[in-house]
file target32.cif (mmCIF, C-alpha atoms; chains and numbers go by the auth columns)
data_start
loop_
_atom_site.group_PDB
_atom_site.id
_atom_site.type_symbol
_atom_site.label_atom_id
_atom_site.label_comp_id
_atom_site.label_asym_id
_atom_site.label_seq_id
_atom_site.Cartn_x
_atom_site.Cartn_y
_atom_site.Cartn_z
_atom_site.B_iso_or_equiv
_atom_site.auth_seq_id
_atom_site.auth_asym_id
ATOM 1 C CA MET A 1 -24.297 -77.576 35.048 0.00 1 V
ATOM 2 C CA LYS A 2 -22.574 -76.299 38.176 0.00 2 V
ATOM 3 C CA LYS A 3 -19.395 -75.568 36.157 0.00 3 V
ATOM 4 C CA SER A 4 -21.408 -73.628 33.523 0.00 4 V
ATOM 5 C CA LEU A 5 -23.069 -71.569 36.254 0.00 5 V
ATOM 6 C CA ILE A 6 -19.712 -70.760 37.865 0.00 6 V
ATOM 7 C CA MET A 7 -18.236 -69.797 34.459 0.00 7 V
ATOM 8 C CA ALA A 8 -21.258 -67.578 33.741 0.00 8 V
ATOM 9 C CA MET A 9 -20.862 -65.854 37.134 0.00 9 V
ATOM 10 C CA ILE A 10 -17.136 -65.281 36.515 0.00 10 V
ATOM 11 C CA LEU A 11 -17.869 -63.901 33.041 0.00 11 V
ATOM 12 C CA LEU A 12 -20.516 -61.509 34.391 0.00 12 V
ATOM 13 C CA GLY A 13 -18.127 -60.436 37.124 0.00 13 V
ATOM 14 C CA LEU A 14 -15.426 -59.666 34.569 0.00 14 V
ATOM 15 C CA ILE A 15 -17.816 -57.663 32.382 0.00 15 V
ATOM 16 C CA GLY A 16 -19.017 -55.753 35.439 0.00 16 V
ATOM 17 C CA CYS A 17 -15.424 -54.936 36.407 0.00 17 V
ATOM 18 C CA SER A 18 -14.448 -53.814 32.933 0.00 18 V
ATOM 19 C CA GLU A 19 -17.437 -51.463 32.506 0.00 19 V
ATOM 20 C CA PRO A 20 -16.286 -48.784 35.004 0.00 20 V
ATOM 21 C CA GLN A 21 -12.869 -48.871 33.328 0.00 21 V
ATOM 22 C CA LYS A 22 -14.492 -48.040 29.988 0.00 22 V
ATOM 23 C CA ASN A 23 -16.397 -45.124 31.555 0.00 23 V
ATOM 24 C CA GLN A 24 -13.196 -43.884 33.184 0.00 24 V
ATOM 25 C CA ASP A 25 -11.470 -43.932 29.772 0.00 25 V
ATOM 26 C CA ASP A 26 -14.394 -41.961 28.300 0.00 26 V
ATOM 27 C CA THR A 27 -13.997 -39.312 31.008 0.00 27 V
ATOM 28 C CA GLN A 28 -10.276 -39.058 30.304 0.00 28 V
ATOM 29 C CA ASN A 29 -10.955 -38.704 26.575 0.00 29 V
ATOM 30 C CA LYS A 30 -13.498 -35.943 27.217 0.00 30 V
ATOM 31 C CA THR A 31 -10.893 -33.898 29.077 0.00 31 V
ATOM 32 C CA LYS A 32 -8.677 -34.106 25.992 0.00 32 V
ATOM 33 C CA ASN A 33 -11.340 -32.621 23.684 0.00 33 V
ATOM 34 C CA LEU A 34 -10.973 -29.049 24.848 0.00 34 V
ATOM 35 C CA SER A 35 -12.365 -25.951 23.169 0.00 35 V
ATOM 36 C CA PHE A 36 -11.184 -22.343 23.130 0.00 36 V
ATOM 37 C CA ALA A 37 -13.439 -21.560 26.120 0.00 37 V
ATOM 38 C CA ASP A 38 -11.744 -24.287 28.202 0.00 38 V
ATOM 39 C CA MET A 39 -8.337 -22.643 27.947 0.00 39 V
ATOM 40 C CA PRO A 40 -6.249 -21.762 29.789 0.00 40 V
ATOM 41 C CA ASN A 41 -6.855 -24.143 32.691 0.00 41 V
ATOM 42 C CA GLU A 42 -4.703 -25.479 35.516 0.00 42 V
ATOM 43 C CA LYS A 43 -3.072 -28.039 33.186 0.00 43 V
ATOM 44 C CA THR A 44 -2.437 -25.721 30.215 0.00 44 V
ATOM 45 C CA VAL A 45 1.175 -25.638 29.029 0.00 45 V
ATOM 46 C CA PHE A 46 2.634 -22.432 27.569 0.00 46 V
ATOM 47 C CA GLU A 47 5.178 -22.570 24.753 0.00 47 V
ATOM 48 C CA VAL A 48 7.090 -19.576 23.396 0.00 48 V
ATOM 49 C CA ILE A 49 8.512 -19.582 19.862 0.00 49 V
ATOM 50 C CA GLU A 50 11.068 -16.900 18.977 0.00 50 V
ATOM 51 C CA ALA A 51 10.744 -15.375 15.499 0.00 51 V
ATOM 52 C CA LYS A 52 13.958 -13.727 14.280 0.00 52 V
ATOM 53 C CA SER A 53 14.380 -10.747 11.988 0.00 53 V
ATOM 54 C CA ILE A 54 16.309 -12.183 9.047 0.00 54 V
ATOM 55 C CA ASP A 55 16.652 -11.523 5.337 0.00 55 V
ATOM 56 C CA GLU A 56 13.142 -11.940 3.982 0.00 56 V
ATOM 57 C CA ASN A 57 12.327 -14.328 1.167 0.00 57 V
ATOM 58 C CA ASP A 58 11.794 -11.370 -1.170 0.00 58 V
ATOM 59 C CA ALA A 59 11.376 -13.534 -4.280 0.00 59 V
ATOM 60 C CA LEU A 60 8.434 -15.393 -2.755 0.00 60 V
ATOM 61 C CA LEU A 61 6.678 -12.255 -1.480 0.00 61 V
ATOM 62 C CA VAL A 62 7.169 -10.452 -4.807 0.00 62 V
ATOM 63 C CA ALA A 63 5.804 -13.489 -6.670 0.00 63 V
ATOM 64 C CA LEU A 64 2.794 -13.693 -4.319 0.00 64 V
ATOM 65 C CA GLN A 65 2.106 -9.972 -4.668 0.00 65 V
ATOM 66 C CA THR A 66 2.393 -10.228 -8.471 0.00 66 V
ATOM 67 C CA GLN A 67 -0.060 -13.143 -8.528 0.00 67 V
ATOM 68 C CA LEU A 68 -2.489 -11.261 -6.296 0.00 68 V
ATOM 69 C CA LEU A 69 -2.303 -8.187 -8.526 0.00 69 V
ATOM 70 C CA LYS A 70 -3.086 -10.376 -11.541 0.00 70 V
ATOM 71 C CA ASP A 71 -6.064 -11.725 -9.590 0.00 71 V
ATOM 72 C CA GLN A 72 -7.161 -8.135 -8.845 0.00 72 V
ATOM 73 C CA PHE A 73 -6.207 -8.099 -5.161 0.00 73 V
ATOM 74 C CA GLU A 74 -4.580 -5.220 -3.334 0.00 74 V
ATOM 75 C CA PHE A 75 -1.754 -6.560 -1.113 0.00 75 V
ATOM 76 C CA VAL A 76 -0.215 -4.308 1.546 0.00 76 V
ATOM 77 C CA GLU A 77 2.142 -4.732 4.485 0.00 77 V
ATOM 78 C CA LYS A 78 0.588 -3.717 7.791 0.00 78 V
ATOM 79 C CA GLU A 79 2.076 -2.610 11.075 0.00 79 V
ATOM 80 C CA SER A 80 3.433 -5.823 12.572 0.00 80 V
ATOM 81 C CA GLY A 81 2.989 -6.651 16.204 0.00 81 V
ATOM 82 C CA ARG A 82 5.695 -8.411 18.172 0.00 82 V
ATOM 83 C CA SER A 83 3.592 -11.340 19.381 0.00 83 V
ATOM 84 C CA TRP A 84 0.809 -13.660 18.276 0.00 84 V
ATOM 85 C CA SER A 85 -0.716 -16.712 19.954 0.00 85 V
ATOM 86 C CA GLU A 86 -2.682 -19.815 19.011 0.00 86 V
ATOM 87 C CA ASN A 87 -4.394 -22.390 21.249 0.00 87 V
ATOM 88 C CA ASP A 88 -3.714 -26.102 20.790 0.00 88 V
ATOM 89 C CA CYS A 89 -6.841 -27.876 22.107 0.00 89 V
ATOM 90 C CA THR A 90 -5.374 -31.329 21.411 0.00 90 V
ATOM 91 C CA ASN A 91 -2.339 -30.841 23.665 0.00 91 V
ATOM 92 C CA ASN A 92 -3.844 -28.285 26.095 0.00 92 V
ATOM 93 C CA LYS A 93 -1.161 -25.826 25.061 0.00 93 V
ATOM 94 C CA ILE A 94 -1.011 -22.118 24.226 0.00 94 V
ATOM 95 C CA ILE A 95 1.735 -21.247 21.755 0.00 95 V
ATOM 96 C CA GLN A 96 2.986 -17.673 21.623 0.00 96 V
ATOM 97 C CA VAL A 97 5.182 -16.478 18.774 0.00 97 V
ATOM 98 C CA LYS A 98 7.297 -13.501 19.849 0.00 98 V
ATOM 99 C CA GLY A 99 10.115 -11.436 18.454 0.00 99 V
ATOM 100 C CA ASP A 100 11.039 -9.074 15.657 0.00 100 V
ATOM 101 C CA GLY A 101 10.631 -11.727 12.962 0.00 101 V
ATOM 102 C CA ILE A 102 6.855 -11.285 12.562 0.00 102 V
ATOM 103 C CA ARG A 103 5.457 -9.546 9.484 0.00 103 V
ATOM 104 C CA SER A 104 1.814 -8.835 8.714 0.00 104 V
ATOM 105 C CA TYR A 105 0.001 -8.323 5.389 0.00 105 V
ATOM 106 C CA SER A 106 -3.563 -7.848 4.211 0.00 106 V
ATOM 107 C CA ALA A 107 -5.102 -8.686 0.850 0.00 107 V
ATOM 108 C CA GLU A 108 -8.425 -7.369 -0.417 0.00 108 V
ATOM 109 C CA SER A 109 -10.107 -8.031 -3.734 0.00 109 V
ATOM 110 C CA LEU A 110 -10.844 -5.028 -5.927 0.00 110 V
ATOM 111 C CA VAL A 111 -13.791 -6.926 -7.415 0.00 111 V
ATOM 112 C CA ASP A 112 -17.196 -7.691 -5.874 0.00 112 V
ATOM 113 C CA VAL A 113 -18.188 -11.367 -5.969 0.00 113 V
ATOM 114 C CA GLY A 114 -21.385 -13.348 -5.446 0.00 114 V
ATOM 115 C CA GLN A 115 -24.978 -12.210 -5.162 0.00 115 V
ATOM 116 C CA GLU A 116 -24.140 -10.295 -1.996 0.00 116 V
ATOM 117 C CA LYS A 117 -21.516 -8.275 -3.918 0.00 117 V
ATOM 118 C CA VAL A 118 -18.826 -8.688 -1.269 0.00 118 V
ATOM 119 C CA ARG A 119 -15.084 -8.271 -1.651 0.00 119 V
ATOM 120 C CA PRO A 120 -13.018 -11.255 -0.485 0.00 120 V
ATOM 121 C CA ASP A 121 -10.145 -10.454 1.852 0.00 121 V
ATOM 122 C CA PHE A 122 -7.636 -12.259 4.042 0.00 122 V
ATOM 123 C CA SER A 123 -4.714 -11.607 6.370 0.00 123 V
ATOM 124 C CA LEU A 124 -1.264 -13.138 6.264 0.00 124 V
ATOM 125 C CA LEU A 125 1.280 -13.386 9.076 0.00 125 V
ATOM 126 C CA VAL A 126 4.843 -14.424 8.251 0.00 126 V
ATOM 127 C CA PHE A 127 7.111 -15.829 10.976 0.00 127 V
ATOM 128 C CA ALA A 128 10.830 -15.925 10.138 0.00 128 V
ATOM 129 C CA PHE A 129 13.388 -18.281 11.692 0.00 129 V
ATOM 130 C CA GLU A 130 17.154 -18.701 11.496 0.00 130 V
ATOM 131 C CA ASP A 131 17.036 -21.758 9.250 0.00 131 V
ATOM 132 C CA ALA A 132 14.706 -24.202 7.500 0.00 132 V
ATOM 133 C CA GLN A 133 15.031 -26.808 10.294 0.00 133 V
ATOM 134 C CA GLN A 134 13.786 -24.310 12.906 0.00 134 V
ATOM 135 C CA ALA A 135 10.953 -23.298 10.598 0.00 135 V
ATOM 136 C CA GLU A 136 9.952 -26.948 10.048 0.00 136 V
ATOM 137 C CA LYS A 137 9.970 -27.726 13.794 0.00 137 V
ATOM 138 C CA ASN A 138 7.922 -24.639 14.693 0.00 138 V
ATOM 139 C CA PHE A 139 5.585 -25.193 11.748 0.00 139 V
ATOM 140 C CA ILE A 140 4.684 -28.680 13.062 0.00 140 V
ATOM 141 C CA SER A 141 3.773 -27.221 16.501 0.00 141 V
ATOM 142 C CA LEU A 142 1.746 -24.393 14.990 0.00 142 V
ATOM 143 C CA LYS A 143 -0.020 -26.622 12.444 0.00 143 V
ATOM 144 C CA THR A 144 -1.144 -28.959 15.261 0.00 144 V
ATOM 145 C CA ALA A 145 -2.632 -25.934 17.048 0.00 145 V
ATOM 146 C CA VAL A 146 -4.306 -24.523 13.922 0.00 146 V
ATOM 147 C CA GLU A 147 -5.898 -27.901 13.110 0.00 147 V
ATOM 148 C CA SER A 148 -6.891 -28.834 16.685 0.00 148 V
ATOM 149 C CA ASP A 149 -10.572 -29.296 17.563 0.00 149 V
ATOM 150 C CA ASN A 150 -11.193 -29.902 13.829 0.00 150 V
ATOM 151 C CA GLY A 151 -9.865 -26.437 13.035 0.00 151 V
ATOM 152 C CA PHE A 152 -12.209 -24.667 15.476 0.00 152 V
ATOM 153 C CA CYS A 153 -9.997 -24.472 18.575 0.00 153 V
ATOM 154 C CA ASN A 154 -9.305 -20.786 17.901 0.00 154 V
ATOM 155 C CA GLY A 155 -12.769 -19.735 16.797 0.00 155 V
ATOM 156 C CA LYS A 156 -14.757 -20.038 13.597 0.00 156 V
ATOM 157 C CA SER A 157 -12.605 -17.889 11.305 0.00 157 V
ATOM 158 C CA PRO A 158 -11.058 -20.075 8.584 0.00 158 V
ATOM 159 C CA GLU A 159 -7.286 -20.402 8.923 0.00 159 V
ATOM 160 C CA THR A 160 -4.452 -22.392 7.392 0.00 160 V
ATOM 161 C CA ILE A 161 -0.688 -22.548 7.821 0.00 161 V
ATOM 162 C CA VAL A 162 2.170 -23.568 5.511 0.00 162 V
ATOM 163 C CA HIS A 163 5.916 -23.120 5.396 0.00 163 V
ATOM 164 C CA ASN A 164 8.540 -22.448 2.783 0.00 164 V
ATOM 165 C CA GLY A 165 12.272 -22.259 3.496 0.00 165 V
ATOM 166 C CA ASN A 166 12.899 -20.617 6.848 0.00 166 V
ATOM 167 C CA GLU A 167 9.493 -18.919 7.059 0.00 167 V
ATOM 168 C CA VAL A 168 6.053 -19.999 8.258 0.00 168 V
ATOM 169 C CA PHE A 169 2.963 -18.430 6.652 0.00 169 V
ATOM 170 C CA TYR A 170 -0.327 -18.187 8.552 0.00 170 V
ATOM 171 C CA PHE A 171 -3.433 -17.234 6.519 0.00 171 V
ATOM 172 C CA THR A 172 -6.826 -16.339 7.955 0.00 172 V
ATOM 173 C CA THR A 173 -10.039 -14.820 6.631 0.00 173 V
ATOM 174 C CA ARG A 174 -13.295 -13.581 8.150 0.00 174 V
ATOM 175 C CA ALA A 175 -15.830 -15.914 6.524 0.00 175 V
ATOM 176 C CA GLU A 176 -16.121 -19.524 5.380 0.00 176 V
ATOM 177 C CA MET A 177 -17.087 -18.327 1.887 0.00 177 V
ATOM 178 C CA PHE A 178 -13.533 -16.912 1.532 0.00 178 V
ATOM 179 C CA ARG A 179 -11.758 -20.136 2.551 0.00 179 V
ATOM 180 C CA PRO A 180 -10.989 -21.048 -1.104 0.00 180 V
ATOM 181 C CA TYR A 181 -8.827 -17.902 -1.350 0.00 181 V
ATOM 182 C CA ILE A 182 -6.617 -18.740 1.627 0.00 182 V
ATOM 183 C CA ASP A 183 -6.394 -22.352 0.411 0.00 183 V
ATOM 184 C CA GLN A 184 -5.355 -21.167 -3.058 0.00 184 V
ATOM 185 C CA TYR A 185 -2.700 -18.669 -1.943 0.00 185 V
ATOM 186 C CA SER A 186 -1.294 -20.826 0.868 0.00 186 V
ATOM 187 C CA LYS A 187 -0.785 -23.592 -1.726 0.00 187 V
ATOM 188 C CA TYR A 188 0.939 -21.059 -3.983 0.00 188 V
ATOM 189 C CA VAL A 189 3.317 -20.096 -1.139 0.00 189 V
ATOM 190 C CA GLU A 190 3.964 -23.702 -0.123 0.00 190 V
ATOM 191 C CA ASP A 191 4.805 -24.788 -3.695 0.00 191 V
ATOM 192 C CA PHE A 192 6.906 -21.746 -4.600 0.00 192 V
ATOM 193 C CA LYS A 193 10.504 -22.482 -5.540 0.00 193 V
ATOM 194 C CA VAL A 194 13.180 -19.891 -6.247 0.00 194 V
ATOM 195 C CA GLU A 195 14.747 -20.607 -9.617 0.00 195 V
ATOM 196 C CA ALA A 196 18.518 -20.939 -9.418 0.00 196 V
ATOM 197 C CA PRO A 197 20.401 -18.470 -11.637 0.00 197 V
ATOM 198 C CA HIS A 198 21.740 -20.035 -14.855 0.00 198 V
#
call {"tool": "encode", "arguments": {"input": "target32.cif", "output": "structure tokens"}}
result
Amino acid sequence: MKKSLIMAMILLGLIGCSEPQKNQDDTQNKTKNLSFADMPNEKTVFEVIEAKSIDENDALLVALQTQLLKDQFEFVEKESGRSWSENDCTNNKIIQVKGDGIRSYSAESLVDVGQEKVRPDFSLLVFAFEDAQQAEKNFISLKTAVESDNGFCNGKSPETIVHNGNEVFYFTTRAEMFRPYIDQYSKYVEDFKVEAPH
């Protein structure tokens, strides 16, 4: 009986000691689940990615524009800025893409859709890099940021990111109802392959 009582006391003591540890882990986990409003903070890391002006993947852009025209979208190149940034709530990081390798496009449907009679639209940013390996590495960093906080780290506007060759393609649109369009055209870009000449 005495042994059982001692064992019970030891067991309770162990449970009591492990409980604060669990709460401490919860607190640490909560600091990891940041939102856009929490950044930057004293622990935020800043990463700069250099986009280089290179020969564009003309075949892909022409194919995308042709597909959009078939789908009754107007597709135009816009004045490109020289920097763009995205927050990564998972890693408490702000990534800034800089350089002369940034291009910007907008697409707008020429047809009204839905009961509200609205015209779907989206924006596309293209980041160019020296080679496919650089594009892949930078794509992984940017994709983590785009998908952090369940895709809401950078606000509520739907966004997606893909890469093809030595370019990374970032799509965004203004409303959730237009998400299927950026999903459709990002998939088109991701799957596009240039046919080798015969």
call {"tool": "atom_distance", "arguments": {"input": "target32.cif", "atom1": "atom CA of Ala63 of chain V", "atom2": "atom CA of Phe129 of chain V"}}
result
20.4 Å
call {"tool": "atom_distance", "arguments": {"input": "target32.cif", "atom1": "atom CA of Asn87 of chain V", "atom2": "atom CA of Ser109 of chain V"}}
result
29.4 Å
call {"tool": "residues_around", "arguments": {"input": "target32.cif", "residues": "Asp88 of chain V", "least_positions_apart": "4", "cutoff": "8 Å", "atoms": "only C-alpha atoms", "output": "list in words"}}
result
Asn92, Lys93, Ile94, Ile95, Thr144, Ala145, Val146, Ser148 and Cys153 of chain V
call {"tool": "atom_distance", "arguments": {"input": "target32.cif", "atom1": "atom CA of Val48 of chain V", "atom2": "atom CA of Glu77 of chain V"}}
result
24.5 Å
call {"tool": "closest_residue", "arguments": {"input": "target32.cif", "among": "V:Phe75, V:Phe152, V:Trp84, V:Phe171", "to": "Leu61 of chain V", "atoms": "all atoms listed in the file"}}
result
V:Phe75
call {"tool": "axis_aligned_box", "arguments": {"input": "target32.cif", "around": "segment 92-101 of chain V", "padding_each_side": "3 Å", "output": "lines of an AutoDock Vina configuration file"}}
result
center_x = 3.6
center_y = -18.7
center_z = 19.5
size_x = 20.9
size_y = 25.2
size_z = 19.1
call {"tool": "residues_around", "arguments": {"input": "target32.cif", "residues": "segment 177-188 of chain V", "least_positions_apart": "2", "cutoff": "10 Å", "atoms": "all atoms listed in the file", "output": "PyMOL selection string"}}
result
chain V and resi 60+63-64+67-68+114+119-124+157-163+169-175+190-193
call {"tool": "write_last_selection", "arguments": {"input": "target32.cif", "atoms": "C-alpha atoms", "output": "PDB file, in the frame of the given file"}}
result
ATOM      1  CA  LEU V  60       8.434 -15.393  -2.755  1.00  0.00           C
ATOM      2  CA  ALA V  63       5.804 -13.489  -6.670  1.00  0.00           C
ATOM      3  CA  LEU V  64       2.794 -13.693  -4.319  1.00  0.00           C
ATOM      4  CA  GLN V  67      -0.060 -13.143  -8.528  1.00  0.00           C
ATOM      5  CA  LEU V  68      -2.489 -11.261  -6.296  1.00  0.00           C
ATOM      6  CA  GLY V 114     -21.385 -13.348  -5.446  1.00  0.00           C
ATOM      7  CA  ARG V 119     -15.084  -8.271  -1.651  1.00  0.00           C
ATOM      8  CA  PRO V 120     -13.018 -11.255  -0.485  1.00  0.00           C
ATOM      9  CA  ASP V 121     -10.145 -10.454   1.852  1.00  0.00           C
ATOM     10  CA  PHE V 122      -7.636 -12.259   4.042  1.00  0.00           C
ATOM     11  CA  SER V 123      -4.714 -11.607   6.370  1.00  0.00           C
ATOM     12  CA  LEU V 124      -1.264 -13.138   6.264  1.00  0.00           C
ATOM     13  CA  SER V 157     -12.605 -17.889  11.305  1.00  0.00           C
ATOM     14  CA  PRO V 158     -11.058 -20.075   8.584  1.00  0.00           C
ATOM     15  CA  GLU V 159      -7.286 -20.402   8.923  1.00  0.00           C
ATOM     16  CA  THR V 160      -4.452 -22.392   7.392  1.00  0.00           C
ATOM     17  CA  ILE V 161      -0.688 -22.548   7.821  1.00  0.00           C
ATOM     18  CA  VAL V 162       2.170 -23.568   5.511  1.00  0.00           C
ATOM     19  CA  HIS V 163       5.916 -23.120   5.396  1.00  0.00           C
ATOM     20  CA  PHE V 169       2.963 -18.430   6.652  1.00  0.00           C
ATOM     21  CA  TYR V 170      -0.327 -18.187   8.552  1.00  0.00           C
ATOM     22  CA  PHE V 171      -3.433 -17.234   6.519  1.00  0.00           C
ATOM     23  CA  THR V 172      -6.826 -16.339   7.955  1.00  0.00           C
ATOM     24  CA  THR V 173     -10.039 -14.820   6.631  1.00  0.00           C
ATOM     25  CA  ARG V 174     -13.295 -13.581   8.150  1.00  0.00           C
ATOM     26  CA  ALA V 175     -15.830 -15.914   6.524  1.00  0.00           C
ATOM     27  CA  GLU V 190       3.964 -23.702  -0.123  1.00  0.00           C
ATOM     28  CA  ASP V 191       4.805 -24.788  -3.695  1.00  0.00           C
ATOM     29  CA  PHE V 192       6.906 -21.746  -4.600  1.00  0.00           C
ATOM     30  CA  LYS V 193      10.504 -22.482  -5.540  1.00  0.00           C
TER      31      LYS V 193
END
call {"tool": "closest_residue", "arguments": {"input": "target32.cif", "among": "V:Ser104, V:Glu74, V:Phe36, V:Val168", "to": "Ser141 of chain V", "atoms": "only C-alpha atoms"}}
result
V:Val168
call {"tool": "resolve_selection", "arguments": {"input": "target32.cif", "expression": "the PyMOL selection byres ((chain V and resi 96-103) around 7)", "output": "list of chain:residue names"}}
result
V:Glu47, V:Val48, V:Ile49, V:Glu50, V:Ala51, V:Lys52, V:Ser53, V:Ile54, V:Ser80, V:Arg82, V:Ser83, V:Trp84, V:Ser85, V:Glu86, V:Ile94, V:Ile95, V:Ser104, V:Tyr105, V:Leu125, V:Val126, V:Phe127, V:Ala128
call {"tool": "write_last_selection", "arguments": {"input": "target32.cif", "atoms": "C-alpha atoms", "output": "short mmCIF file (atom, residue, chain, number, x, y, z; two decimals), keeping the file's coordinate frame"}}
result
data_model
loop_
_atom_site.label_atom_id
_atom_site.label_comp_id
_atom_site.auth_asym_id
_atom_site.auth_seq_id
_atom_site.Cartn_x
_atom_site.Cartn_y
_atom_site.Cartn_z
CA GLU V 47 5.18 -22.57 24.75
CA VAL V 48 7.09 -19.58 23.40
CA ILE V 49 8.51 -19.58 19.86
CA GLU V 50 11.07 -16.90 18.98
CA ALA V 51 10.74 -15.38 15.50
CA LYS V 52 13.96 -13.73 14.28
CA SER V 53 14.38 -10.75 11.99
CA ILE V 54 16.31 -12.18 9.05
CA SER V 80 3.43 -5.82 12.57
CA ARG V 82 5.70 -8.41 18.17
CA SER V 83 3.59 -11.34 19.38
CA TRP V 84 0.81 -13.66 18.28
CA SER V 85 -0.72 -16.71 19.95
CA GLU V 86 -2.68 -19.82 19.01
CA ILE V 94 -1.01 -22.12 24.23
CA ILE V 95 1.74 -21.25 21.76
CA SER V 104 1.81 -8.84 8.71
CA TYR V 105 0.00 -8.32 5.39
CA LEU V 125 1.28 -13.39 9.08
CA VAL V 126 4.84 -14.42 8.25
CA PHE V 127 7.11 -15.83 10.98
CA ALA V 128 10.83 -15.92 10.14
#
call {"tool": "closest_residue", "arguments": {"input": "target32.cif", "among": "V:Gln115, V:Gln134, V:Asn91, V:Asn57", "to": "Val189 of chain V", "atoms": "only C-alpha atoms"}}
result
V:Asn57
call {"tool": "residues_near_point", "arguments": {"input": "target32.cif", "point": "(-12.4, -9.8, -6.6)", "cutoff": "8 Å", "atoms": "all atoms listed in the file", "output": "JSON, numbers by chain"}}
result
{"V": [71, 72, 73, 108, 109, 110, 111, 112, 113, 119, 120]}
call {"tool": "closest_residue", "arguments": {"input": "target32.cif", "among": "V:Met39, V:Ala107, V:Val45, V:Cys89", "to": "Val76 of chain V", "atoms": "all atoms listed in the file"}}
result
V:Ala107
call {"tool": "closest_residue", "arguments": {"input": "target32.cif", "among": "V:Asn41, V:Gln133, V:Gln65, V:Thr90", "to": "Asn164 of chain V", "atoms": "only C-alpha atoms"}}
result
V:Gln133
